[in-house]
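Heads up, run35.tsv below (TSV, C-alpha atoms):
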```
chain	number	residue	atom	x	y	z
A	1	MET	CA	12.72	56.53	39.94
A	2	LYS	CA	10.25	53.77	39.31
A	3	LYS	CA	11.90	53.11	35.98
A	4	GLU	CA	15.29	52.81	37.61
A	5	ILE	CA	13.99	50.36	40.20
A	6	PHE	CA	12.32	48.32	37.50
A	7	PHE	CA	15.56	48.32	35.48
A	8	LEU	CA	17.63	47.24	38.48
A	9	PHE	CA	15.13	44.54	39.33
A	10	SER	CA	15.27	43.25	35.76
A	11	VAL	CA	19.07	43.20	35.80
A	12	LEU	CA	18.99	41.22	39.07
A	13	ILE	CA	16.62	38.66	37.60
A	14	CYS	CA	18.84	38.29	34.52
A	15	LEU	CA	21.90	37.82	36.68
A	16	SER	CA	20.19	35.19	38.76
A	17	PHE	CA	19.33	33.28	35.57
A	18	LEU	CA	22.93	33.54	34.41
A	19	SER	CA	24.16	32.07	37.65
A	20	TYR	CA	21.80	29.10	37.24
A	21	VAL	CA	23.07	28.53	33.70
A	22	SER	CA	26.68	28.63	34.79
A	23	ALA	CA	25.93	26.19	37.60
A	24	ASP	CA	24.45	23.78	35.11
A	25	GLU	CA	27.45	24.19	32.86
A	26	TYR	CA	30.15	23.59	35.39
A	27	ASN	CA	28.62	21.42	38.10
A	28	ASN	CA	26.38	19.02	36.17
A	29	LEU	CA	28.78	17.19	33.85
A	30	SER	CA	26.62	14.05	33.44
A	31	LEU	CA	24.97	13.25	30.12
A	32	ASN	CA	21.88	11.16	29.64
A	33	VAL	CA	22.48	8.36	27.12
A	34	SER	CA	19.46	6.43	25.87
A	35	VAL	CA	19.20	3.57	23.41
A	36	SER	CA	16.48	1.09	22.41
A	37	ILE	CA	17.74	-2.48	22.58
A	38	ARG	CA	15.64	-4.72	20.37
A	39	GLU	CA	15.27	-8.48	20.30
A	40	PRO	CA	16.99	-9.92	17.20
A	41	VAL	CA	14.53	-10.61	14.38
A	42	ALA	CA	14.66	-13.03	11.46
A	43	GLU	CA	13.21	-10.97	8.63
A	44	VAL	CA	13.46	-11.47	4.89
A	45	GLU	CA	12.02	-10.15	1.68
A	46	ILE	CA	11.46	-12.75	-1.05
A	47	ASN	CA	10.93	-12.10	-4.72
A	48	PRO	CA	8.95	-13.35	-6.66
A	49	THR	CA	5.93	-14.71	-4.78
A	50	ALA	CA	5.07	-17.36	-7.42
A	51	ILE	CA	7.03	-19.19	-10.12
A	52	ASN	CA	5.78	-20.44	-13.47
A	53	LEU	CA	8.31	-22.79	-15.07
A	54	GLY	CA	6.58	-22.82	-18.46
A	55	SER	CA	6.13	-25.98	-20.57
A	56	ILE	CA	8.35	-29.07	-20.55
A	57	THR	CA	8.32	-32.76	-21.46
A	58	ARG	CA	10.36	-35.85	-20.64
A	59	GLY	CA	14.05	-35.68	-21.59
A	60	TYR	CA	14.36	-31.91	-21.11
A	61	ALA	CA	14.81	-29.34	-18.38
A	62	THR	CA	13.03	-26.01	-18.03
A	63	ASP	CA	14.90	-22.73	-18.10
A	64	PHE	CA	15.89	-21.76	-14.62
A	65	ARG	CA	14.23	-18.98	-12.66
A	66	ASN	CA	15.93	-16.74	-10.15
A	67	ILE	CA	14.69	-16.25	-6.63
A	68	THR	CA	16.05	-13.37	-4.58
A	69	ILE	CA	16.08	-13.31	-0.81
A	70	ILE	CA	16.98	-10.11	1.00
A	71	ASN	CA	17.96	-10.64	4.62
A	72	ARG	CA	16.96	-7.44	6.40
A	73	GLY	CA	16.79	-8.89	9.90
A	74	ASP	CA	19.40	-9.27	12.61
A	75	LEU	CA	19.94	-13.04	12.33
A	76	ASP	CA	21.58	-15.43	9.89
A	77	VAL	CA	18.88	-17.49	8.16
A	78	LYS	CA	18.58	-20.52	5.89
A	79	VAL	CA	15.91	-21.39	3.32
A	80	LYS	CA	14.58	-24.92	2.85
A	81	PRO	CA	12.06	-25.77	0.09
A	82	VAL	CA	9.50	-28.42	1.09
A	83	LEU	CA	6.99	-30.11	-1.24
A	84	SER	CA	3.44	-30.56	0.01
A	85	SER	CA	3.38	-34.12	-1.40
A	86	GLN	CA	6.22	-36.54	-2.05
A	87	ASN	CA	5.11	-38.61	-5.02
A	88	ASN	CA	4.99	-36.55	-8.15
A	89	ILE	CA	6.89	-34.96	-10.99
A	90	PHE	CA	7.95	-32.06	-8.81
A	91	LEU	CA	10.43	-34.29	-6.99
A	92	ASN	CA	12.60	-33.43	-10.00
A	93	LEU	CA	12.79	-29.78	-8.98
A	94	LYS	CA	16.40	-28.75	-8.73
A	95	PHE	CA	18.08	-25.89	-6.96
A	96	ALA	CA	21.41	-24.15	-7.23
A	97	THR	CA	23.07	-21.15	-5.68
A	98	ALA	CA	23.64	-17.85	-7.50
A	99	SER	CA	25.93	-19.23	-10.24
A	100	CYS	CA	23.16	-21.69	-11.30
A	101	SER	CA	25.79	-24.34	-12.06
A	102	SER	CA	25.84	-26.99	-9.34
A	103	TRP	CA	22.30	-28.36	-9.10
A	104	SER	CA	20.84	-30.32	-6.16
A	105	ASN	CA	17.55	-32.13	-5.83
A	106	ILE	CA	14.79	-30.50	-3.78
A	107	SER	CA	14.97	-33.18	-1.10
A	108	SER	CA	18.64	-32.56	-0.36
A	109	TRP	CA	18.96	-28.83	-0.99
A	110	THR	CA	19.11	-26.20	1.72
A	111	SER	CA	20.42	-22.75	1.03
A	112	SER	CA	23.76	-21.85	2.48
A	113	LYS	CA	23.67	-19.48	5.42
A	114	ILE	CA	22.24	-16.10	4.40
A	115	GLU	CA	24.21	-13.86	6.66
A	116	LYS	CA	22.72	-10.95	8.55
A	117	PRO	CA	23.57	-7.47	7.26
A	118	ASP	CA	26.91	-6.02	8.33
A	119	GLU	CA	25.19	-2.91	9.64
A	120	TYR	CA	22.04	-2.71	11.76
A	121	GLY	CA	19.12	-1.92	9.48
A	122	GLY	CA	21.04	-2.96	6.38
A	123	GLU	CA	20.38	-5.72	3.83
A	124	THR	CA	22.14	-8.82	2.51
A	125	ASP	CA	21.11	-10.16	-0.90
A	126	TYR	CA	21.10	-13.86	-1.73
A	127	HIS	CA	20.13	-15.43	-5.05
A	128	PHE	CA	19.33	-18.99	-5.97
A	129	CYS	CA	17.99	-20.75	-9.06
A	130	ILE	CA	15.19	-23.25	-9.59
A	131	LYS	CA	14.36	-25.50	-12.56
A	132	LEU	CA	12.39	-28.65	-13.29
A	133	ASP	CA	14.75	-31.27	-14.72
A	134	LEU	CA	13.02	-34.16	-16.54
A	135	GLU	CA	16.14	-35.31	-18.42
A	136	ASP	CA	16.27	-38.55	-16.43
A	137	TYR	CA	12.51	-38.81	-15.88
A	138	ASP	CA	11.34	-42.23	-17.10
A	139	GLU	CA	7.63	-42.25	-16.17
A	140	GLU	CA	5.05	-42.30	-18.95
A	141	ILE	CA	3.50	-38.93	-19.90
A	142	GLU	CA	0.25	-39.95	-21.58
A	143	SER	CA	-1.39	-36.60	-22.11
A	144	ASP	CA	-0.85	-32.87	-21.75
A	145	MET	CA	-1.10	-31.82	-18.12
A	146	ASP	CA	-1.13	-28.48	-16.34
A	147	LEU	CA	0.40	-29.23	-13.00
A	148	THR	CA	0.65	-27.00	-10.00
A	149	GLU	CA	2.43	-28.11	-6.89
A	150	GLU	CA	2.87	-26.22	-3.70
A	151	VAL	CA	6.50	-25.79	-2.71
A	152	THR	CA	6.88	-23.96	0.56
A	153	PHE	CA	10.12	-22.10	1.12
A	154	TRP	CA	10.73	-22.15	4.85
A	155	VAL	CA	12.92	-19.43	6.28
A	156	MET	CA	14.49	-20.44	9.60
A	157	PRO	CA	17.18	-18.93	11.82
A	158	ALA	CA	20.49	-20.60	10.88
B	1	MET	CA	-0.80	14.18	-15.62
B	2	LYS	CA	-3.47	11.74	-14.45
B	3	ILE	CA	-2.16	9.08	-16.82
B	4	ILE	CA	1.41	9.48	-15.49
B	5	PHE	CA	0.10	9.16	-11.95
B	6	MET	CA	-1.89	6.04	-12.86
B	7	ILE	CA	1.17	4.43	-14.48
B	8	PHE	CA	3.25	5.27	-11.42
B	9	LEU	CA	0.58	3.74	-9.16
B	10	LEU	CA	0.45	0.61	-11.34
B	11	ILE	CA	4.25	0.19	-11.22
B	12	LEU	CA	4.16	0.67	-7.46
B	13	SER	CA	1.41	-1.93	-6.98
B	14	LEU	CA	3.26	-4.42	-9.23
B	15	TYR	CA	6.36	-3.96	-7.11
B	16	ILE	CA	4.40	-4.56	-3.92
B	17	ALA	CA	2.71	-7.62	-5.35
B	18	SER	CA	5.94	-9.20	-6.53
B	19	SER	CA	7.79	-9.25	-3.23
B	20	LEU	CA	7.02	-10.30	0.27
B	21	ASP	CA	8.48	-9.02	3.52
B	22	PHE	CA	8.04	-11.12	6.65
B	23	GLY	CA	9.81	-12.11	9.84
B	24	ILE	CA	9.72	-13.70	13.28
B	25	SER	CA	11.32	-13.13	16.66
B	26	PRO	CA	13.02	-14.49	18.75
B	27	GLU	CA	15.62	-16.79	17.20
B	28	GLU	CA	14.70	-19.51	19.71
B	29	ILE	CA	11.80	-19.76	22.13
B	30	SER	CA	13.38	-21.13	25.31
B	31	LEU	CA	11.03	-22.18	28.08
B	32	SER	CA	11.42	-24.14	31.26
B	33	GLY	CA	9.00	-25.41	33.84
B	34	LYS	CA	7.72	-28.48	35.59
B	35	GLU	CA	5.73	-31.56	34.57
B	36	GLY	CA	2.06	-30.79	34.01
B	37	GLU	CA	2.61	-27.05	34.32
B	38	ARG	CA	1.50	-24.58	31.67
B	39	ILE	CA	4.71	-22.94	30.45
B	40	CYS	CA	4.36	-19.82	28.32
B	41	SER	CA	6.46	-17.40	26.32
B	42	ASN	CA	5.96	-14.71	23.69
B	43	PHE	CA	6.95	-14.39	20.07
B	44	SER	CA	6.40	-11.79	17.36
B	45	LEU	CA	5.37	-12.08	13.74
B	46	ILE	CA	6.27	-9.41	11.20
B	47	GLY	CA	4.45	-8.87	7.92
B	48	ASP	CA	1.98	-6.13	7.07
B	49	SER	CA	-1.46	-7.42	6.07
B	50	LEU	CA	-0.23	-11.03	5.96
B	51	ILE	CA	-2.12	-13.99	7.41
B	52	PHE	CA	0.06	-16.59	9.12
B	53	LEU	CA	-1.05	-20.23	9.48
B	54	GLY	CA	0.80	-21.94	12.32
B	55	GLU	CA	1.90	-25.40	13.39
B	56	VAL	CA	4.43	-26.86	15.81
B	57	LYS	CA	6.60	-29.87	14.99
B	58	TRP	CA	8.89	-31.75	17.35
B	59	GLY	CA	12.12	-33.66	16.91
B	60	GLY	CA	14.23	-35.96	19.01
B	61	GLU	CA	17.38	-33.87	19.19
B	62	ASN	CA	18.71	-30.33	19.14
B	63	SER	CA	19.00	-29.66	15.41
B	64	ARG	CA	18.72	-26.73	13.04
B	65	ASN	CA	17.65	-28.94	10.17
B	66	MET	CA	13.92	-28.71	9.46
B	67	GLY	CA	13.86	-32.30	8.24
B	68	ASP	CA	14.57	-33.49	11.78
B	69	TYR	CA	11.26	-32.08	13.01
B	70	ALA	CA	8.55	-34.48	11.88
B	71	PHE	CA	6.46	-35.32	14.93
B	72	SER	CA	3.32	-33.76	16.34
B	73	GLY	CA	2.99	-32.90	20.02
B	74	GLU	CA	1.02	-36.11	20.67
B	75	HIS	CA	4.16	-38.14	19.98
B	76	TYR	CA	5.89	-36.57	22.98
B	77	ARG	CA	2.70	-35.95	24.99
B	78	ILE	CA	3.09	-32.21	24.74
B	79	VAL	CA	0.03	-29.98	24.56
B	80	SER	CA	0.67	-26.77	22.60
B	81	GLU	CA	-1.42	-23.59	22.67
B	82	PHE	CA	-0.69	-20.96	20.06
B	83	PRO	CA	-2.68	-19.00	17.47
B	84	SER	CA	-3.16	-21.28	14.45
B	85	ILE	CA	-4.20	-18.21	12.45
B	86	ALA	CA	-2.27	-15.08	13.31
B	87	TYR	CA	-1.48	-11.61	12.08
B	88	SER	CA	1.54	-9.42	12.51
B	89	GLY	CA	2.24	-8.62	16.18
B	90	LYS	CA	3.09	-10.15	19.52
B	91	HIS	CA	1.60	-13.53	20.44
B	92	GLU	CA	1.70	-16.02	23.30
B	93	ILE	CA	2.67	-19.66	23.02
B	94	CYS	CA	2.19	-22.16	25.85
B	95	PHE	CA	3.17	-25.78	26.37
B	96	SER	CA	2.36	-28.46	28.88
B	97	ALA	CA	4.36	-31.71	28.97
B	98	GLU	CA	3.52	-34.87	30.87
B	99	LYS	CA	7.09	-36.09	31.29
B	100	SER	CA	10.29	-34.36	32.27
B	101	GLY	CA	13.08	-33.91	29.72
B	102	ASP	CA	14.49	-31.59	27.06
B	103	TYR	CA	12.25	-31.17	24.04
B	104	TYR	CA	13.20	-29.55	20.74
B	105	GLY	CA	10.67	-28.19	18.29
B	106	ALA	CA	9.98	-25.76	15.49
B	107	LEU	CA	7.18	-23.18	15.44
B	108	LEU	CA	6.25	-22.80	11.77
B	109	TYR	CA	4.02	-20.15	10.21
B	110	LYS	CA	3.06	-20.46	6.56
B	111	ILE	CA	1.98	-17.24	4.90
B	112	GLN	CA	-1.48	-17.69	3.44
B	113	GLY	CA	-1.70	-17.41	-0.33
B	114	THR	CA	2.06	-17.61	-0.87
B	115	SER	CA	4.75	-20.26	-1.16
B	116	TYR	CA	6.66	-18.98	1.84
B	117	GLY	CA	6.82	-19.67	5.51
B	118	ILE	CA	8.84	-18.56	8.49
B	119	GLY	CA	9.73	-20.36	11.66
B	120	THR	CA	11.71	-20.34	14.83
B	121	TRP	CA	13.16	-23.00	17.09
B	122	ILE	CA	11.73	-24.17	20.41
B	123	HIS	CA	13.67	-25.52	23.38
B	124	LEU	CA	11.40	-26.74	26.15
B	125	THR	CA	12.98	-27.94	29.40
B	126	VAL	CA	10.62	-29.81	31.70
B	127	GLU	CA	11.68	-30.78	35.22
B	128	LYS	CA	10.12	-33.32	37.52
B	129	ASN	CA	7.29	-31.83	39.50
B	130	GLU	CA	7.85	-32.87	43.14
B	131	ASN	CA	4.79	-30.89	44.22
B	132	LEU	CA	2.65	-32.81	41.77
B	133	PHE	CA	4.00	-36.11	43.22
B	134	ASN	CA	3.41	-34.95	46.78
B	135	SER	CA	-0.09	-33.71	46.08
B	136	VAL	CA	-1.01	-37.04	44.49
B	137	ASN	CA	0.51	-38.84	47.49
B	138	PHE	CA	-1.47	-36.53	49.74
B	139	LEU	CA	-4.71	-37.39	48.01
B	140	THR	CA	-4.18	-41.14	47.77
B	141	GLY	CA	-2.07	-41.89	50.76
B	142	ARG	CA	-3.37	-39.69	53.53
B	143	ALA	CA	-4.78	-42.57	55.55
B	144	ILE	CA	-1.55	-44.52	55.57
B	145	GLY	CA	1.17	-42.12	54.72
B	146	GLU	CA	0.60	-38.77	56.33
B	147	LYS	CA	2.76	-37.87	59.25
B	148	VAL	CA	0.56	-36.41	61.99
B	149	SER	CA	2.00	-34.63	65.00
B	150	SER	CA	1.70	-36.30	68.45
B	151	PHE	CA	-0.18	-33.27	69.79
B	152	VAL	CA	-2.96	-33.78	67.22
B	153	VAL	CA	-3.13	-37.50	68.11
B	154	LEU	CA	-3.35	-36.67	71.82
B	155	LEU	CA	-6.03	-34.05	71.22
B	156	SER	CA	-8.06	-36.51	69.12
B	157	LEU	CA	-7.80	-39.19	71.83
B	158	VAL	CA	-8.85	-36.80	74.59
B	159	PHE	CA	-11.81	-35.58	72.51
B	160	THR	CA	-12.90	-39.14	71.74
B	161	LEU	CA	-12.59	-40.08	75.43
B	162	LEU	CA	-14.68	-37.06	76.48
B	163	VAL	CA	-17.41	-37.97	73.99
B	164	LEU	CA	-17.42	-41.56	75.26
B	165	ILE	CA	-17.65	-40.43	78.91
B	166	LEU	CA	-20.47	-38.01	78.04
B	167	ALA	CA	-22.32	-40.75	76.20
B	168	MET	CA	-21.91	-43.14	79.14
B	169	ILE	CA	-23.17	-40.51	81.62
B	170	ILE	CA	-26.26	-39.86	79.49
B	171	PHE	CA	-26.84	-43.59	79.05
B	172	PHE	CA	-26.54	-44.39	82.77
B	173	SER	CA	-28.57	-41.36	83.91
B	174	ARG	CA	-31.47	-42.46	81.70
B	175	SER	CA	-31.26	-46.02	82.85
```
Show me this structure written as structure tokens.
Amino acid sequence: MKKEIFFLFSVLICLSFLSYVSADEYNNLSLNVSVSIREPVAEVEINPTAINLGSITRGYATDFRNITIINRGDLDVKVKPVLSSQNNIFLNLKFATASCSSWSNISSWTSSKIEKPDEYGGETDYHFCIKLDLEDYDEEIESDMDLTEEVTFWVMPA
Amino acid sequence: MKIIFMIFLLILSLYIASSLDFGISPEEISLSGKEGERICSNFSLIGDSLIFLGEVKWGGENSRNMGDYAFSGEHYRIVSEFPSIAYSGKHEICFSAEKSGDYYGALLYKIQGTSYGIGTWIHLTVEKNENLFNSVNFLTGRAIGEKVSSFVVLLSLVFTLLVLILAMIIFFSRS
């Protein structure tokens, strides 16, 4: 008898649970939707971190070096190279976009707009070239010199 | 096996050393406030284990050309407070301008030990501070300029009269 009561009681409990489930299924048709909205970020990866242009003398230009910028943020950006001083041989630094054909002087060159990735969390690659062009350099070079000049590549929202 | 692992580690470290990942947010720091007020906003720097060295430059017009931003805050009488050395994370930047107007600037952070820097634009709108004008007027012009209610004047006169009468009574009673 006790077993039968226990069985009946269990069946009742199960049924009550079932009724709750069905109520949830048919009466509560709302769905919670959550999303994290983030402030747009200008974020890039630049490669390499330093450039050695090798050896050169007056009347020649160095081989060009490639610089890669990966835009992995949510904003279009531009890159502007700025020399730390304005009166030296590095004013002859020249830049060109990926094809490395149309060269511009450092003072007038700014990268074209590096567009944000098409998809959130994606990447957009941009390449540009750099060389030191002393073909028209007419200053006297009296001795061998190892020169290092700081060029800062500023990344700014476009 | 150890040698393979070491080579793998070396390649990995070379890869890390040869590229740099950094960023800033927001696209433009827009602030508005009144003359002489401290106006603040937040910005974020991104870049694991990077040290950022900051400066603010100002220009005369709304431009997205870095070359147009050549002046320090002194030129426009703007006081800037921001971390000159910063790490990745959220930071506060505050300005205080003496004169009203629209000011355009660039917050620039150079990454220490590299040839790269990142920046964002600043638009600071400063309105005339009427309260500041009134408070100055209050301090300097109270004697001649303050409007005092007639009730206060009457109360002052009555009080003065009472004091005078009391003084006269004491004077005459002694004499």
At a cut-off of 9 Å, which residues of chain B touch chain A? Count all atoms listed in the file and give the answer as a list in words.
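Every residue meeting the condition is included here: Ala17, Ser18, Ser19, Leu20, Asp21, Phe22, Gly23, Ile24, Ser25, Pro26, Glu27, Glu28, Ser44, Ile46, Arg64, Asn65, Met66, Leu108, Tyr109, Lys110, Thr114, Ser115, Tyr116, Gly117, Ile118, Gly119, Thr120 and Trp121 of chain B.
Picture a line from atom CA of Ile106 of chain A to atom CA of Ile67 of chain A; it runs 14.5 Å.
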Tell me, in Å to one decimal, how far atom CA of Leu132 of chain A is from atom CA of Arg58 of chain A.
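Between atom CA of Leu132 of chain A and atom CA of Arg58 of chain A the gap is 10.5 Å.
Candidate residues A:Tyr60, A:Tyr137, A:Phe128, A:Trp103 were compared for distance to Phe90 of chain A, and the nearest is A:Tyr137, using all atoms listed in the file.
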Top pick for closest residue to Leu83 of chain A, considering A:Thr148, A:Ile5, A:Gly54, A:Ser143 and counting all atoms listed in the file:
A:Thr148
Work out how far atom CA of Phe82 of chain B is from atom CA of Ile111 of chain B, in Å to one decimal.
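So the answer is 15.8 Å.
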